[in-house]
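Quick look at coords_2.txt (compact mmCIF, C-alpha atoms and all ligand atoms):
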# COMPACT_ATOMS: atom_id res chain seq x y z
CA MET F 1 -18.67 43.08 -19.03
CA PHE F 2 -16.77 44.59 -21.95
CA SER F 3 -14.67 46.95 -19.91
CA LYS F 4 -11.76 44.53 -19.51
CA ASP F 5 -11.85 43.42 -23.12
CA SER F 6 -12.90 46.65 -24.70
CA THR F 7 -9.44 47.44 -26.09
CA ASN F 8 -9.20 44.06 -27.72
CA THR F 9 -12.73 44.24 -28.98
CA ARG F 10 -12.15 47.58 -30.57
CA HIS F 11 -9.06 46.33 -32.29
CA LEU F 12 -10.79 43.24 -33.51
CA HIS F 13 -13.64 45.02 -35.26
CA PRO F 14 -11.63 46.68 -38.02
CA ASP F 15 -9.80 43.39 -38.64
CA PHE F 16 -13.00 41.48 -39.15
CA SER F 17 -14.50 44.08 -41.44
CA LEU F 18 -11.32 44.05 -43.54
CA PHE F 19 -11.45 40.28 -43.61
CA PHE F 20 -14.98 40.16 -44.92
CA THR F 21 -14.59 43.06 -47.31
CA PHE F 22 -11.33 42.02 -48.93
CA ARG F 23 -10.58 38.40 -48.17
CA PHE F 24 -13.93 36.73 -48.45
CA PRO F 25 -14.40 37.40 -52.18
CA PHE F 26 -10.81 36.21 -52.71
CA LEU F 27 -11.60 32.95 -50.91
CA ILE F 28 -14.61 32.34 -53.15
CA ILE F 29 -12.50 32.90 -56.26
CA PHE F 30 -9.72 30.73 -54.85
CA SER F 31 -11.97 27.79 -54.05
CA THR F 32 -13.65 28.00 -57.46
CA PHE F 33 -10.36 27.81 -59.33
CA ALA F 34 -8.35 25.65 -56.94
CA PRO F 35 -6.85 22.58 -58.65
CA GLN F 36 -9.01 19.46 -58.40
CA SER F 37 -6.28 17.57 -56.58
CA PHE F 38 -6.64 20.04 -53.70
CA HIS F 39 -10.01 18.46 -52.88
CA LYS F 40 -9.30 14.91 -53.99
CA GLU F 41 -9.36 12.22 -51.36
CA MET F 42 -6.24 10.11 -51.03
CA LYS F 43 -6.67 6.49 -52.10
CA ILE F 44 -4.65 3.62 -50.68
CA PHE F 45 -4.03 0.56 -52.86
CA THR F 46 -2.62 -2.82 -51.93
CA SER F 47 -3.22 -4.14 -55.44
CA VAL F 48 -0.86 -3.15 -58.26
CA LYS F 49 -3.59 -3.86 -60.81
CA GLU F 50 -6.05 -1.51 -59.12
CA LEU F 51 -3.49 1.29 -58.83
CA ARG F 52 -2.64 0.84 -62.51
CA ALA F 53 -6.34 1.05 -63.44
CA ALA F 54 -6.65 4.32 -61.47
CA LEU F 55 -3.51 5.72 -63.13
CA ASP F 56 -4.86 4.85 -66.57
CA ARG F 57 -7.49 7.52 -65.95
CA VAL F 58 -5.00 10.38 -65.34
CA GLU F 59 -2.70 12.36 -67.63
CA PRO F 60 0.67 10.45 -67.75
CA SER F 61 2.76 13.63 -68.11
CA GLY F 62 1.39 14.88 -64.76
CA ILE F 63 2.40 11.87 -62.65
CA GLY F 64 5.00 12.44 -59.90
CA PHE F 65 6.24 9.51 -57.83
CA VAL F 66 7.93 9.16 -54.44
CA PRO F 67 9.16 5.65 -53.53
CA THR F 68 9.63 5.05 -49.78
CA MET F 69 10.00 2.25 -47.26
CA GLY F 70 7.59 3.90 -44.82
CA ALA F 71 8.13 4.95 -41.18
CA LEU F 72 7.74 8.38 -42.72
CA HIS F 73 9.29 11.55 -41.30
CA ALA F 74 9.72 15.15 -42.38
CA GLY F 75 12.40 14.11 -44.92
CA HIS F 76 9.95 11.91 -46.82
CA ARG F 77 7.30 14.55 -46.37
CA SER F 78 9.46 17.18 -48.08
CA LEU F 79 9.70 14.91 -51.15
CA VAL F 80 5.92 14.41 -51.27
CA GLU F 81 5.27 18.13 -50.84
CA ARG F 82 7.67 18.94 -53.65
CA ALA F 83 5.98 16.33 -55.86
CA ARG F 84 2.64 17.91 -54.93
CA ARG F 85 3.84 21.32 -56.13
CA GLU F 86 5.19 19.97 -59.43
CA ASN F 87 2.59 17.37 -60.51
CA ASP F 88 -1.14 16.89 -61.06
CA THR F 89 -1.10 13.36 -59.64
CA VAL F 90 1.16 12.35 -56.75
CA VAL F 91 1.84 8.66 -56.18
CA VAL F 92 3.75 7.38 -53.13
CA SER F 93 4.78 3.78 -52.50
CA VAL F 94 5.36 2.42 -49.01
CA PHE F 95 7.15 -0.88 -49.39
CA VAL F 96 9.96 -2.40 -47.32
CA ASN F 97 11.85 -4.09 -50.14
CA PRO F 98 13.42 -7.36 -48.94
CA THR F 99 15.81 -7.65 -51.90
CA GLN F 100 17.82 -4.57 -50.86
CA PHE F 101 18.52 -5.84 -47.32
CA ASN F 102 21.77 -7.76 -47.17
CA ASP F 103 21.26 -8.14 -43.40
CA LYS F 104 18.11 -10.16 -42.57
CA ASN F 105 18.12 -8.86 -39.00
CA ASP F 106 17.99 -5.29 -40.32
CA LEU F 107 14.96 -6.24 -42.45
CA LYS F 108 13.22 -7.85 -39.48
CA HIS F 109 13.66 -4.77 -37.27
CA TYR F 110 12.98 -2.13 -39.91
CA PRO F 111 10.21 0.12 -38.45
CA ARG F 112 6.73 -0.21 -39.95
CA THR F 113 4.05 2.39 -39.15
CA PRO F 114 1.39 2.13 -41.91
CA GLU F 115 -1.41 4.03 -40.12
CA ALA F 116 0.80 6.99 -39.21
CA ASP F 117 2.26 6.91 -42.75
CA ALA F 118 -1.22 7.16 -44.28
CA ARG F 119 -1.98 10.21 -42.12
CA THR F 120 1.32 11.89 -43.05
CA LEU F 121 0.74 11.26 -46.76
CA GLU F 122 -2.80 12.59 -46.63
CA GLU F 123 -1.53 15.79 -44.99
CA ALA F 124 1.33 16.12 -47.48
CA GLY F 125 -1.14 15.90 -50.36
CA ALA F 126 -0.59 12.45 -51.92
CA ASP F 127 -3.31 11.24 -54.29
CA PHE F 128 -2.51 7.53 -54.58
CA VAL F 129 -0.57 5.40 -52.12
CA LEU F 130 0.64 1.90 -52.93
CA MET F 131 1.15 -0.33 -49.85
CA PRO F 132 1.67 -3.72 -51.47
CA SER F 133 2.66 -7.15 -50.15
CA VAL F 134 5.98 -8.67 -51.23
CA GLU F 135 4.10 -11.08 -53.54
CA GLU F 136 2.36 -8.17 -55.21
CA ILE F 137 5.70 -6.57 -56.17
CA TYR F 138 7.51 -9.84 -56.86
CA PRO F 139 5.01 -12.43 -58.18
CA GLU F 140 8.15 -14.27 -59.32
CA PRO F 141 11.56 -13.90 -57.63
CA ASP F 142 13.50 -11.07 -59.30
CA THR F 143 16.74 -12.60 -60.59
CA ARG F 144 17.92 -9.59 -62.60
CA VAL F 145 21.51 -8.60 -62.06
CA PHE F 146 22.38 -4.99 -62.92
CA ASP F 147 25.83 -3.74 -63.83
CA PHE F 148 26.49 -0.15 -62.84
CA GLY F 149 30.24 -0.23 -63.40
CA GLN F 150 32.18 1.46 -60.62
CA ILE F 151 29.24 3.53 -59.27
CA ASP F 152 27.96 0.80 -56.96
CA LYS F 153 31.29 -0.83 -56.15
CA VAL F 154 32.25 1.73 -53.50
CA MET F 155 30.85 2.99 -50.16
CA GLU F 156 27.33 1.58 -49.61
CA GLY F 157 27.84 -0.86 -52.49
CA ALA F 158 31.11 -2.17 -51.06
CA THR F 159 29.87 -2.46 -47.47
CA ARG F 160 26.33 -3.75 -48.23
CA PRO F 161 26.76 -6.41 -50.95
CA GLY F 162 23.69 -6.74 -53.19
CA HIS F 163 22.03 -3.62 -51.72
CA PHE F 164 21.98 -1.51 -54.88
CA ASN F 165 21.00 -4.44 -57.07
CA GLY F 166 17.92 -4.79 -54.85
CA VAL F 167 17.27 -1.03 -55.01
CA ALA F 168 17.45 -1.14 -58.82
CA GLN F 169 15.11 -4.16 -58.89
CA VAL F 170 12.42 -2.52 -56.79
CA VAL F 171 12.67 0.98 -58.29
CA SER F 172 12.54 -0.36 -61.86
CA ARG F 173 9.55 -2.52 -60.91
CA LEU F 174 7.81 0.48 -59.30
CA PHE F 175 8.62 2.72 -62.30
CA ASP F 176 7.11 0.03 -64.49
CA ILE F 177 3.90 0.10 -62.44
CA VAL F 178 3.56 3.87 -61.92
CA ARG F 179 5.22 5.11 -65.16
CA PRO F 180 5.95 8.52 -63.62
CA ALA F 181 7.04 11.62 -65.52
CA ARG F 182 9.07 12.70 -62.47
CA ALA F 183 10.42 10.72 -59.49
CA TYR F 184 11.71 12.26 -56.26
CA PHE F 185 14.74 11.03 -54.29
CA GLY F 186 16.52 12.47 -51.25
CA GLU F 187 20.21 13.44 -51.28
CA LYS F 188 20.39 11.71 -47.90
CA ASP F 189 21.00 8.56 -49.99
CA PHE F 190 23.50 10.28 -52.26
CA GLN F 191 24.96 7.19 -53.94
CA GLN F 192 21.47 5.78 -54.48
CA ILE F 193 20.62 8.73 -56.75
CA ALA F 194 23.67 7.97 -58.93
CA VAL F 195 22.60 4.32 -59.13
CA ILE F 196 19.02 5.27 -60.07
CA ARG F 197 20.29 7.66 -62.75
CA ALA F 198 22.50 4.88 -64.18
CA MET F 199 19.53 2.49 -64.14
CA VAL F 200 17.26 5.00 -65.90
CA ALA F 201 19.92 5.49 -68.60
CA GLN F 202 20.46 1.73 -69.03
CA LEU F 203 16.75 0.93 -69.29
CA ASN F 204 16.20 3.99 -71.48
CA LEU F 205 13.37 5.31 -69.29
CA SER F 206 11.94 8.77 -69.81
CA VAL F 207 11.35 9.57 -66.11
CA ARG F 208 13.09 12.70 -64.76
CA ILE F 209 14.95 12.10 -61.50
CA VAL F 210 14.51 15.02 -59.06
CA GLU F 211 17.08 15.35 -56.25
CA CYS F 212 15.78 16.81 -52.98
CA PRO F 213 17.91 18.29 -50.15
CA ILE F 214 18.50 16.48 -46.84
CA VAL F 215 16.05 17.38 -44.06
CA ARG F 216 17.71 17.46 -40.62
CA GLY F 217 16.59 17.63 -37.01
CA GLU F 218 17.32 20.75 -34.98
CA ASP F 219 20.49 19.10 -33.69
CA GLY F 220 21.68 18.53 -37.29
CA LEU F 221 21.11 14.77 -37.44
CA ALA F 222 19.82 13.76 -40.88
CA LEU F 223 16.28 12.44 -40.42
CA SER F 224 16.07 8.69 -41.01
CA SER F 225 13.53 5.98 -40.27
CA ARG F 226 16.36 4.18 -38.48
CA ASN F 227 16.88 7.03 -35.98
CA GLN F 228 13.95 5.77 -33.90
CA LEU F 229 15.85 2.49 -33.41
CA LEU F 230 18.78 4.28 -31.70
CA ASP F 231 18.98 3.88 -27.93
CA ALA F 232 19.14 7.08 -25.87
CA GLU F 233 22.93 7.34 -25.61
CA HIS F 234 23.60 6.64 -29.31
CA ARG F 235 20.83 9.07 -30.25
CA ALA F 236 22.59 11.72 -28.15
CA ALA F 237 25.92 10.90 -29.83
CA ALA F 238 24.61 10.86 -33.43
CA PRO F 239 24.52 14.66 -34.11
CA HIS F 240 28.32 14.61 -33.80
CA ILE F 241 28.42 13.05 -37.30
CA TYR F 242 26.96 16.08 -39.08
CA ALA F 243 28.82 18.51 -36.79
CA THR F 244 32.04 16.82 -38.00
CA LEU F 245 30.99 16.95 -41.66
CA ARG F 246 30.42 20.69 -41.35
CA ARG F 247 33.84 21.18 -39.85
CA ALA F 248 35.27 18.98 -42.63
CA VAL F 249 34.19 21.57 -45.19
CA GLU F 250 36.34 24.16 -43.36
CA ARG F 251 39.23 21.73 -42.88
CA SER F 252 39.26 20.85 -46.60
CA ARG F 253 40.79 24.30 -47.23
CA GLU F 254 43.95 23.30 -45.42
CA MET F 255 44.33 19.57 -46.20
CA ASP F 256 44.09 17.17 -49.15
CA PRO F 257 41.36 14.49 -49.45
CA ALA F 258 43.50 11.74 -47.87
CA ALA F 259 44.32 13.88 -44.85
CA LEU F 260 40.69 14.95 -44.55
CA LYS F 261 39.61 11.31 -44.52
CA ALA F 262 41.93 10.58 -41.60
CA TRP F 263 40.79 13.72 -39.80
CA VAL F 264 37.04 12.98 -40.19
CA THR F 265 37.49 9.38 -39.04
CA ALA F 266 39.47 10.38 -35.95
CA GLU F 267 37.12 13.28 -35.15
CA VAL F 268 33.91 11.20 -35.37
CA GLU F 269 35.50 8.41 -33.33
CA ARG F 270 36.49 10.85 -30.58
CA ASN F 271 33.04 9.82 -29.44
CA PRO F 272 33.58 6.17 -28.41
CA LEU F 273 29.95 5.32 -29.26
CA LEU F 274 30.53 6.01 -32.97
CA LYS F 275 32.54 3.80 -35.33
CA VAL F 276 33.26 5.03 -38.87
CA ILE F 277 32.48 2.38 -41.53
CA TYR F 278 33.79 4.63 -44.29
CA TYR F 279 34.35 8.29 -45.10
CA GLN F 280 35.16 9.29 -48.68
CA SER F 281 35.35 12.57 -50.57
CA VAL F 282 33.92 11.57 -53.95
CA ASP F 283 33.21 12.95 -57.41
CA ALA F 284 29.48 13.64 -57.13
CA LEU F 285 28.82 12.13 -60.56
CA THR F 286 30.97 8.99 -60.57
CA MET F 287 31.10 8.29 -56.80
CA GLN F 288 34.85 7.68 -57.12
CA GLU F 289 37.16 8.97 -54.41
CA VAL F 290 39.14 12.05 -55.41
CA ALA F 291 42.87 12.48 -54.80
CA SER F 292 42.79 16.28 -55.07
CA TRP F 293 40.12 18.97 -54.78
CA GLU F 294 40.64 19.77 -58.47
CA ASP F 295 39.59 16.25 -59.57
CA ALA F 296 35.88 17.02 -60.01
CA PRO F 297 33.58 20.03 -60.34
CA ARG F 298 31.43 18.83 -57.45
CA ILE F 299 32.81 16.83 -54.52
CA GLN F 300 30.68 15.25 -51.82
CA GLY F 301 31.89 13.97 -48.46
CA CYS F 302 30.01 10.72 -47.76
CA ILE F 303 30.05 8.86 -44.47
CA ALA F 304 28.60 5.72 -42.88
CA VAL F 305 28.81 5.25 -39.13
CA GLN F 306 27.93 2.36 -36.85
CA ALA F 307 26.10 3.70 -33.78
CA GLY F 308 25.60 0.63 -31.61
CA GLU F 309 23.27 -1.67 -33.54
CA ILE F 310 22.30 1.02 -36.03
CA ARG F 311 24.05 2.05 -39.22
CA LEU F 312 23.73 5.75 -40.09
CA ILE F 313 24.70 7.53 -43.31
CA ASP F 314 25.10 11.21 -44.12
CA ASN F 315 26.87 13.46 -46.62
CA ILE F 316 27.80 17.05 -47.30
CA ARG F 317 28.99 19.06 -50.27
CA ILE F 318 32.69 19.80 -49.85
CA ARG F 319 33.26 21.66 -53.16
P1 LIG U 401 13.55 5.35 -47.51
O1 LIG U 401 12.17 5.26 -46.95
O2 LIG U 401 14.63 5.38 -46.49
O3 LIG U 401 13.78 4.35 -48.61
O4 LIG U 401 13.63 6.78 -48.21
C1 LIG U 401 12.73 7.14 -49.23
C2 LIG U 401 13.20 8.41 -49.86
O5 LIG U 401 13.25 9.46 -48.88
C3 LIG U 401 14.63 8.29 -50.43
O6 LIG U 401 14.69 8.97 -51.67
C4 LIG U 401 15.46 8.96 -49.38
O7 LIG U 401 16.66 9.50 -49.86
C5 LIG U 401 14.52 10.05 -48.92
N1 LIG U 401 14.91 10.54 -47.58
C6 LIG U 401 15.13 9.79 -46.48
N2 LIG U 401 15.53 10.56 -45.45
C7 LIG U 401 15.58 11.83 -45.93
C8 LIG U 401 15.94 13.10 -45.36
N3 LIG U 401 16.33 13.22 -44.09
N4 LIG U 401 15.87 14.20 -46.15
C9 LIG U 401 15.48 14.09 -47.45
N5 LIG U 401 15.13 12.94 -48.04
C10 LIG U 401 15.18 11.82 -47.29

Could you spell out this file's structure in structure tokens?
Ligand code: AMP
Amino acid sequence: MFSKDSTNTRHLHPDFSLFFTFRFPFLIIFSTFAPQSFHKEMKIFTSVKELRAALDRVEPSGIGFVPTMGALHAGHRSLVERARRENDTVVVSVFVNPTQFNDKNDLKHYPRTPEADARTLEEAGADFVLMPSVEEIYPEPDTRVFDFGQIDKVMEGATRPGHFNGVAQVVSRLFDIVRPARAYFGEKDFQQIAVIRAMVAQLNLSVRIVECPIVRGEDGLALSSRNQLLDAEHRAAAPHIYATLRRAVERSREMDPAALKAWVTAEVERNPLLKVIYYQSVDALTMQEVASWEDAPRIQGCIAVQAGEIRLIDNIRIR
């Protein structure tokens, strides 16, 4: 009976004895001293008041926060995992904010997957999840108008009127509820981070904004909740956007920003399924387009592309 497996069996025995001799005591020590949050069950709140009551029982300096609009993917997950590593209490909001949608059709079709989101967040180690109704976040209509100078007048701000005002409304409201010490945002929405930083400075908030790198699919496409809305042929075309951005970094060595802009636009549109809404090489702090590569210490190439019905954005560091 053992003849066929005897080799394996013999090899297994030393492994098991090593496991029990050396690893088992380690596991006991580990589980005794593991942080409490490791064993905590995730709690989902629909009520702002109840979340606030739960947060009043934790140490404020240990609160990390990840705002999202749900339909979560590995990009969101990377933010939550980073927050998990850097905080005692991890709060995630899942809220499709109507005030940041300038296109009502876009809002209507935005993907919503609350059950799958809850599973993802549990796995990623969130402690508290806020999944509120619109009335819960906006008991009264939010009429605040922010002024971010030139930061939100270009790119996404110029092509999606009112978008960043809505982002500032919801993020300031969420910061007010959660009062995080640290908040995590993806570089996928590069201009959004600049807007949030400007908002934090204007409102004199003490939250630290943590920028997290873009998570991409194997084909290079930046993960986005909107990717699942692409039809098969536009989904197949979409990786060409990042492939072009990568080549743009090389090309920037032999051409100025204006020439690079023309090159990127023509190159992306070599695929007839993709239409460039804008491409700009911008100062990574001010979001203003540069005229020469010496204009700013860090320069980011930012692009928005229409792929059929779906609008995709991406960016890359040029300098
Ligand atoms: P959203 O749900 O689209 O509002 O995104 C919530 C947060 O996740 C924002 O800070 C985004 O920048 C971030 N995020 C979205 N996609 C990615 C990605 N592919 N990689 C890293 N962060 C991302």

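The nearest approach to Ala284 (chain F) among the residues F:Ile313, F:Leu205, F:Leu221, F:Ala194, with all atoms listed in the file taken into account, belongs to F:Ala194.
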
Q) Near Tyr242 (chain F), counting all atoms listed in the file, which residues have an atom at most 12 Å away, once you skip same-chain residues fewer than 4 positions from it, shown as a VMD selection string? A) chain F and resid 188 214 216 to 223 237 to 238 246 to 249 264 267 to 268 301 to 305 312 to 317

Per residue of chain F within 7 Å of ligand LIG 401 (chain U), record the nearest atom pair and its distance in Å to one decimal, counting only C-alpha atoms and all ligand atoms, with rows in chain order and ascending residue number, as a tab-separated table.
residue	atom	partner	partner_atom	distance
F:Pro67	CA	U:LIG401	C1	5.8
F:Thr68	CA	U:LIG401	C1	3.8
F:Met69	CA	U:LIG401	O1	3.7
F:Gly70	CA	U:LIG401	O1	5.2
F:Leu72	CA	U:LIG401	O1	6.9
F:Gly75	CA	U:LIG401	N4	3.7
F:His76	CA	U:LIG401	O5	4.6
F:Ser78	CA	U:LIG401	C9	6.8
F:Leu79	CA	U:LIG401	N5	6.6
F:Tyr184	CA	U:LIG401	O6	6.4
F:Phe185	CA	U:LIG401	O6	3.3
F:Gly186	CA	U:LIG401	O7	3.3
F:Glu187	CA	U:LIG401	O7	5.5
F:Lys188	CA	U:LIG401	O7	4.8
F:Asp189	CA	U:LIG401	O7	4.4
F:Cys212	CA	U:LIG401	C9	6.2
F:Pro213	CA	U:LIG401	C9	5.6
F:Ile214	CA	U:LIG401	N4	3.5
F:Val215	CA	U:LIG401	N4	3.8
F:Arg216	CA	U:LIG401	N3	5.7
F:Ala222	CA	U:LIG401	N3	4.8
F:Leu223	CA	U:LIG401	N3	3.8
F:Ser224	CA	U:LIG401	N2	4.8
F:Ser225	CA	U:LIG401	O2	6.3

**Q.** Close residues, Pro114 (chain F) itself excluded, 9 Å, all atoms listed in the file, min 3 positions apart in chain, as number ranges by chain
**A.** F: 70-72, 94, 117-119, 131

Q) Can you find the residues with an atom no farther than 9 Å from (46.5, 14.1, -52.9), counting all atoms listed in the file, and report them as a count of residues only? A) 9

Q: In Å, rounded to a single decimal, give me how far CA of Gly64 (chain F) is from CA of Ile137 (chain F).
A: 19.4 Å
